[in-house]
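Asker: Dropping the structure in here first, questions after.
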Amino acid sequence: MTKFIILRCRLLSSVTLLTLTCTVGIAQAKLVINGGIISITNGASLVIGNPDNTAITRTGSGYIQSEAAGNKVIWDIGPGNGNVYLLPWGNTANYFPVQFTATSGIGAGGRFVFSTYATPTWKNSDNLPPGVSNINSSAGDNSAKVIDRFWQITPVGYSNKPTLSNLVFTYVDAEHNVPNTITEGNLVAQRWNSSSLTWSDYLIPSVINTTSNTVTIASIPGNQLYDWWTLTDVPFSTTLVDFNAVASYPNVLTSWQTSAENNSDHFEVWRSRILFNFDSVGRVAARGNSNSLLNYSLTDNNPYNGVSYYRLKIVAADGSYRWSAIVIVSLDTKTNILLYPNPAGNYITITVNPGTALTNPVAQIYDSKGSLVRVFTITGVNQRVNISSLAAGAYHIRLLNKDKQQSRLSFIKQ
């Protein structure tokens, strides 16, 4: 028989120990931990039905203990309210919370699944999370360079996953000691891409604080959220500030900036029509070592017509590499119509040639479901469009002029 535990009280006693050994636990209202311990065992799930960020609150000591991939907290966060959410993970020896801010999720049934566990030995490859096939770097098994813990942060039920900002992992010193060969100051956060089966497809800028034992990610978009995370000592350190690709008819200009480089060798720009089968555009030599802002650029003189995808490969002197996030470019080489930036924030700019501008084409914006969400007229060569009211997600623009000639562009609203 399935068991249910409904938590309606505050845990106030400094010696309170609540052990959940049921199949499913359901928490309603708020769970306030003040000296209490919630130990989730035997594959149980503690379900928090309140989406408010204060639905789990820690007012003193105490913690929630998972220590297995299947011992989960399921929190019906929904779109996120823009405040700080706290997972007060801990065990009898240490307190190591995870916290983050969630915003802009889409999906009435949106929830997050959380769990965490330490590996029993330094060799993480013998204790991988469900669905993770390796812990490899370009040199092979990277267990010695990976902290002895995994974290699950899985968004489910969303049509567009929330953006997470100020995502903070707290680590334990005992979980990176010898026989690990980790340089603590090099620790960065990585997540497992279950589609491309790799940890290194996406460069996530992280900030390490060895005093507070935290690794912080300023922001990660929803489309880069998967299931499992860990912290690793990266064999080289190149901090990418941003990577952009902008249509500049008849070319596409890619540019990027680094704030620090250590043993970097070169950069490669790659592109694709369909998010698969990327091909190389070209390469640019890296400075190698630097602690100042450096700017790079590369022009694609033979871009694809229509929508294409660009990403940057950051290659170290030893041949190891990481990838940047993917950026999208819409370029209509037949009509000289451009759209940027892409992905976009609150504004996009549509550029047309003077002849097209004189026809005052009508622009129609459609969401990913095909619903018409905005109509406006192009009145100049460069038209800036406020899209702040649009929800995060993918959109398509159809331009129709008086001659009934159509052009199509696409963009992502962050």
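Naming works like this for the structure tokens: A, B, ... for the chains as they're shown, residue 1 at the start of each chain, ligands 1 onward in shown order.
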Please list as a PyMOL selection string every residue within 9 Å of region 99-111 of chain A, counting only C-alpha atoms and excluding residues in the same chain fewer than 5 positions away.

Answerer: chain A and resi 51+53+74-88+154-170+222+391-393+414

Asker: Would you please extract all strand (DSSP E) residues from region 131-256 of chain A, as assigned by DSSP on the backbone, and give them as a PyMOL selection string?

Answerer: chain A and resi 136-137+140-141+149-156+163-170+187-191+206-209+214-220+228-233+237-248+251-256

Asker: So that I can see what lies close to Ser292 (chain A), please list as a list in words the residues with an atom at most 8 Å from it, counting only C-alpha atoms and leaving out residues fewer than 4 positions away in the same chain.

Answerer: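 My reading of the contact set: Thr258, Ser259 and Ala260 of chain A.
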
Asker: Please measure the separation of CA of Val281 (chain A) and CA of Leu197 (chain A), giving the value in Å to one decimal.

Answerer: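 Taking CA of Val281 (chain A) and CA of Leu197 (chain A), their separation equals 24.0 Å.
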
Asker: Would you mind telling me which residue in A:Gly131, A:Thr359, A:Ile147, A:Asn71 lies nearest to Phe114 (chain A) when using only C-alpha atoms?

Answerer: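 Selected residue with least distance to Phe114 (chain A): A:Asn71.
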
Asker: Can you tell me how far CA of Asn180 (chain A) sits from CA of Val146 (chain A), in Å to one decimal?

Answerer: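 Here the two named atoms are 7.6 Å from each other.
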
Asker: Using only C-alpha atoms, which of the listed residues (A:Thr92, A:Leu231, A:Ser389, A:Val98) sits closest to Ser143 (chain A)?

Answerer: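 Smallest separation from Ser143 (chain A) among the options: A:Leu231.
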
Asker: Mind the document's chain letters and residue numbers, and return as a PyMOL selection string the residues of region 31-151 of chain A that DSSP labels helix (DSSP H, G or I).

Answerer: chain A and resi 124-126+143-145

Asker: Set the distance at 7 Å and use only C-alpha atoms: which residues neighbour region 315-328 of chain A once local chain neighbours fewer than 3 positions away are removed? I'd like the list as a ChimeraX atom specification.

Answerer: /A:138,200-203,236,244-245,263-267,307-312,342-343

Asker: I'd like the contact shell of Asp279 (chain A) - 9 Å cut-off, only C-alpha atoms, skipping same-chain residues fewer than 5 positions apart - returned as a list in words.

Answerer: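 Those residues are Val269, Trp270, Arg271 and Ser272 of chain A.
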